[in-house]
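J.: Structure incoming, see below.
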Amino acid sequence: MNTDASGAIADRETLTAWAREHGVRVRVACEDWESITYEAVSPGPDGTAVVQRYRCALPPDVVLRRLRLTYVVGLCHETGSGECNHVRRVVPPVLSAADEAARHDAGLVAAALVEAERRAVCGATVDNLTVYTVQHAQGWRPF
């Protein structure tokens, strides 16, 4: 994938205008507690993909709130020769949810992410993944 040589995207409105001009949609490409990266992908004149991205840094008070609400989710599933493990950082979709509901939602989101990213590689699906841990990111320590 190429980045358009016409210049950097300065803000979300510029990215949206570029996407509209090229007839493509803007999507969330990456998200963590500090920022959200938006992206639009359009076929270039030579057939290669032209990618435009805009990283939106979040205000400090929002960053701290999202960090407090971010979970580390561990999932596993059986493979033909053993067990496959996956770990994802997840910000629950409803930031105002109670802890139990937020943990449940984080597990669902993590399973969907793993399926989307790894199904072709290891056969992970929402149906065969088992959540074995959901911990707050601030308190998470590797084994």
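FYI, nothing fancy with the structure tokens labels: chains A, B, ... in order, residues from 1 per chain, ligands from 1 as they appear.
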May I have the residues within 10 Å of A:Arg66 as a list in words, using only C-alpha atoms and disregarding those fewer than 6 positions away in the same chain?
T.: Asp32, Trp33, Glu34, Ser35, Leu58, Pro60, Val90, Val91, Pro92 and Leu95 of chain A
J.: Taking N, CA and C atoms for each residue, export the selection above as a PDB file, in the first residue's frame.
T.:
ATOM      1  N   ASP A  32      -6.385   2.937  20.444  1.00  0.00           N
ATOM      2  CA  ASP A  32      -5.888   2.601  21.771  1.00  0.00           C
ATOM      3  C   ASP A  32      -6.363   3.689  22.724  1.00  0.00           C
ATOM      4  N   TRP A  33      -5.848   3.699  23.937  1.00  0.00           N
ATOM      5  CA  TRP A  33      -6.375   4.668  24.887  1.00  0.00           C
ATOM      6  C   TRP A  33      -5.862   6.078  24.613  1.00  0.00           C
ATOM      7  N   GLU A  34      -4.808   6.229  23.806  1.00  0.00           N
ATOM      8  CA  GLU A  34      -4.237   7.544  23.542  1.00  0.00           C
ATOM      9  C   GLU A  34      -4.745   8.207  22.266  1.00  0.00           C
ATOM     10  N   SER A  35      -5.186   7.392  21.312  1.00  0.00           N
ATOM     11  CA  SER A  35      -5.543   7.965  20.021  1.00  0.00           C
ATOM     12  C   SER A  35      -6.471   7.039  19.243  1.00  0.00           C
ATOM     13  N   LEU A  58      -6.105  12.022  21.545  1.00  0.00           N
ATOM     14  CA  LEU A  58      -7.202  12.372  22.444  1.00  0.00           C
ATOM     15  C   LEU A  58      -6.715  13.289  23.567  1.00  0.00           C
ATOM     16  N   PRO A  60      -5.899  14.728  27.274  1.00  0.00           N
ATOM     17  CA  PRO A  60      -5.370  13.995  28.430  1.00  0.00           C
ATOM     18  C   PRO A  60      -6.428  13.422  29.369  1.00  0.00           C
ATOM     19  N   VAL A  90      -8.365  -4.062  24.790  1.00  0.00           N
ATOM     20  CA  VAL A  90      -9.692  -3.664  24.323  1.00  0.00           C
ATOM     21  C   VAL A  90     -10.234  -2.542  25.194  1.00  0.00           C
ATOM     22  N   VAL A  91     -10.741  -1.520  24.531  1.00  0.00           N
ATOM     23  CA  VAL A  91     -11.525  -0.488  25.198  1.00  0.00           C
ATOM     24  C   VAL A  91     -12.976  -0.898  24.981  1.00  0.00           C
ATOM     25  N   PRO A  92     -13.728  -1.167  26.046  1.00  0.00           N
ATOM     26  CA  PRO A  92     -15.107  -1.624  25.850  1.00  0.00           C
ATOM     27  C   PRO A  92     -15.932  -0.584  25.093  1.00  0.00           C
ATOM     28  N   LEU A  95     -18.362   2.934  27.526  1.00  0.00           N
ATOM     29  CA  LEU A  95     -17.449   3.331  28.589  1.00  0.00           C
ATOM     30  C   LEU A  95     -18.133   3.522  29.934  1.00  0.00           C
TER      31      LEU A  95
END
J.: Choose the residue, out of A:Gly139, A:Gly74, A:Pro45, A:Pro59, that has the smallest atom-to-atom separation from A:Leu108; count only C-alpha atoms.
T.: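 Ranking A:Gly139, A:Gly74, A:Pro45, A:Pro59 by distance to A:Leu108, first place goes to A:Gly74.
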J.: Which of stretch 53-114 of chain A end up as helix (DSSP H, G or I) when DSSP is run on this backbone - answer as a PyMOL selection string?
T.: chain A and resi 60-69+99-114
J.: One number please: atom CA of A:Arg103 to atom CA of A:His86, in Å, one decimal.
T.: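 Interatomic distance here is 16.4 Å.
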J.: What is the distance, in Å and to one decimal place, between atom CA of A:Leu15 and atom CA of A:Thr48?
T.: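 Atom-to-atom, atom CA of A:Leu15 and atom CA of A:Thr48 are spaced 18.9 Å apart.
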J.: Expressed in Å to a single decimal, how great is the separation between atom CA of A:Arg55 and atom CA of A:Glu13?
T.: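 A separation of 12.2 Å between them.
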J.: Rank A:Ala137, A:Ala29, A:Val73, A:Val50 by their smallest atom-to-atom distance to A:Ala110, using only C-alpha atoms, and report the top residue only.
T.: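 Ranking A:Ala137, A:Ala29, A:Val73, A:Val50 by distance to A:Ala110, first place goes to A:Val73.
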J.: Could you tell me which of A:Ala101, A:Leu75, A:Ile36, A:Val94 comes closest to A:Leu113 if we count only C-alpha atoms?
T.: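 Checking each of A:Ala101, A:Leu75, A:Ile36, A:Val94 against A:Leu113, counting only C-alpha atoms, the winner is A:Leu75.
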J.: From the set A:Cys122, A:Cys84, A:Ala98, A:Val72, which residue has the shortest atom-to-atom contact distance to A:Val134, counting only C-alpha atoms?
T.: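 Checking each candidate against A:Val134, we get A:Val72 as the closest.
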J.: Select, from A:Ala112, A:Val51, A:Leu67, A:Val87, the residue with the minimum atom-to-atom distance to A:Thr133, counting only C-alpha atoms.
T.: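 Closest residue, counting only C-alpha atoms: A:Val87.
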J.: Nearest residue to A:Pro93 out of A:Glu31, A:Thr16, A:Val114, A:Asp127, using only C-alpha atoms?
T.: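 Nearest candidate to A:Pro93 out of A:Glu31, A:Thr16, A:Val114, A:Asp127: A:Glu31.
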J.: Could you list, as a ChimeraX atom specification, every residue within 8 Å of stretch 77-82 of chain A, counting only C-alpha atoms and ignoring same-chain residues fewer than 3 positions away?
T.: /A:85,122-124,128-130
J.: Taking N, CA, C and O atoms for each residue, export the selection above as a compact mmCIF listing (two decimals), in the first residue's frame.
T.:
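Output below, filename result-v2.txt:
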# COMPACT_ATOMS: atom_id res chain seq x y z
N ASN A 85 -3.07 -19.40 21.73
CA ASN A 85 -3.43 -18.32 22.65
C ASN A 85 -3.34 -16.97 21.95
O ASN A 85 -2.47 -16.76 21.10
N CYS A 122 -4.93 -19.47 11.97
CA CYS A 122 -5.00 -20.53 12.98
C CYS A 122 -6.41 -21.09 13.19
O CYS A 122 -6.59 -21.97 14.02
N GLY A 123 -7.38 -20.56 12.47
CA GLY A 123 -8.74 -21.08 12.59
C GLY A 123 -9.53 -20.52 13.76
O GLY A 123 -10.58 -21.07 14.12
N ALA A 124 -9.08 -19.42 14.34
CA ALA A 124 -9.78 -18.82 15.48
C ALA A 124 -11.13 -18.26 15.03
O ALA A 124 -11.21 -17.55 14.04
N ASN A 128 -15.12 -20.78 18.74
CA ASN A 128 -14.18 -21.71 19.36
C ASN A 128 -13.20 -21.04 20.33
O ASN A 128 -12.39 -21.70 20.95
N LEU A 129 -13.28 -19.72 20.48
CA LEU A 129 -12.41 -19.02 21.41
C LEU A 129 -13.01 -19.04 22.82
O LEU A 129 -14.21 -18.84 23.00
N THR A 130 -12.15 -19.26 23.79
CA THR A 130 -12.54 -19.22 25.20
C THR A 130 -11.76 -18.10 25.87
O THR A 130 -10.54 -18.03 25.74
J.: Pull the strand (DSSP E) assignments for stretch 42-137 of chain A out of DSSP run on the backbone, and list those residues as a ChimeraX atom specification.
T.: /A:42-43,49-57,71-79,82-90,130-136
J.: Could you list, with a cut-off of 9 Å and counting only C-alpha atoms, the residues of stretch 26-79 of chain A near stretch 18-22 of chain A, each shown with its nearest atom pair and the distance in Å rounded to one decimal, rows sorted by chain and ascending number, as a tab-separated table?
T.:
residue	atom	partner	partner_atom	distance
A:Val26	CA	A:Ala19	CA	6.5
A:Glu39	CA	A:Ala19	CA	9.0
A:Ala40	CA	A:Ala19	CA	6.0
A:Val41	CA	A:Ala19	CA	7.9
A:Ser42	CA	A:His22	CA	6.5
A:Pro43	CA	A:His22	CA	8.6
A:Gln52	CA	A:Trp18	CA	8.4
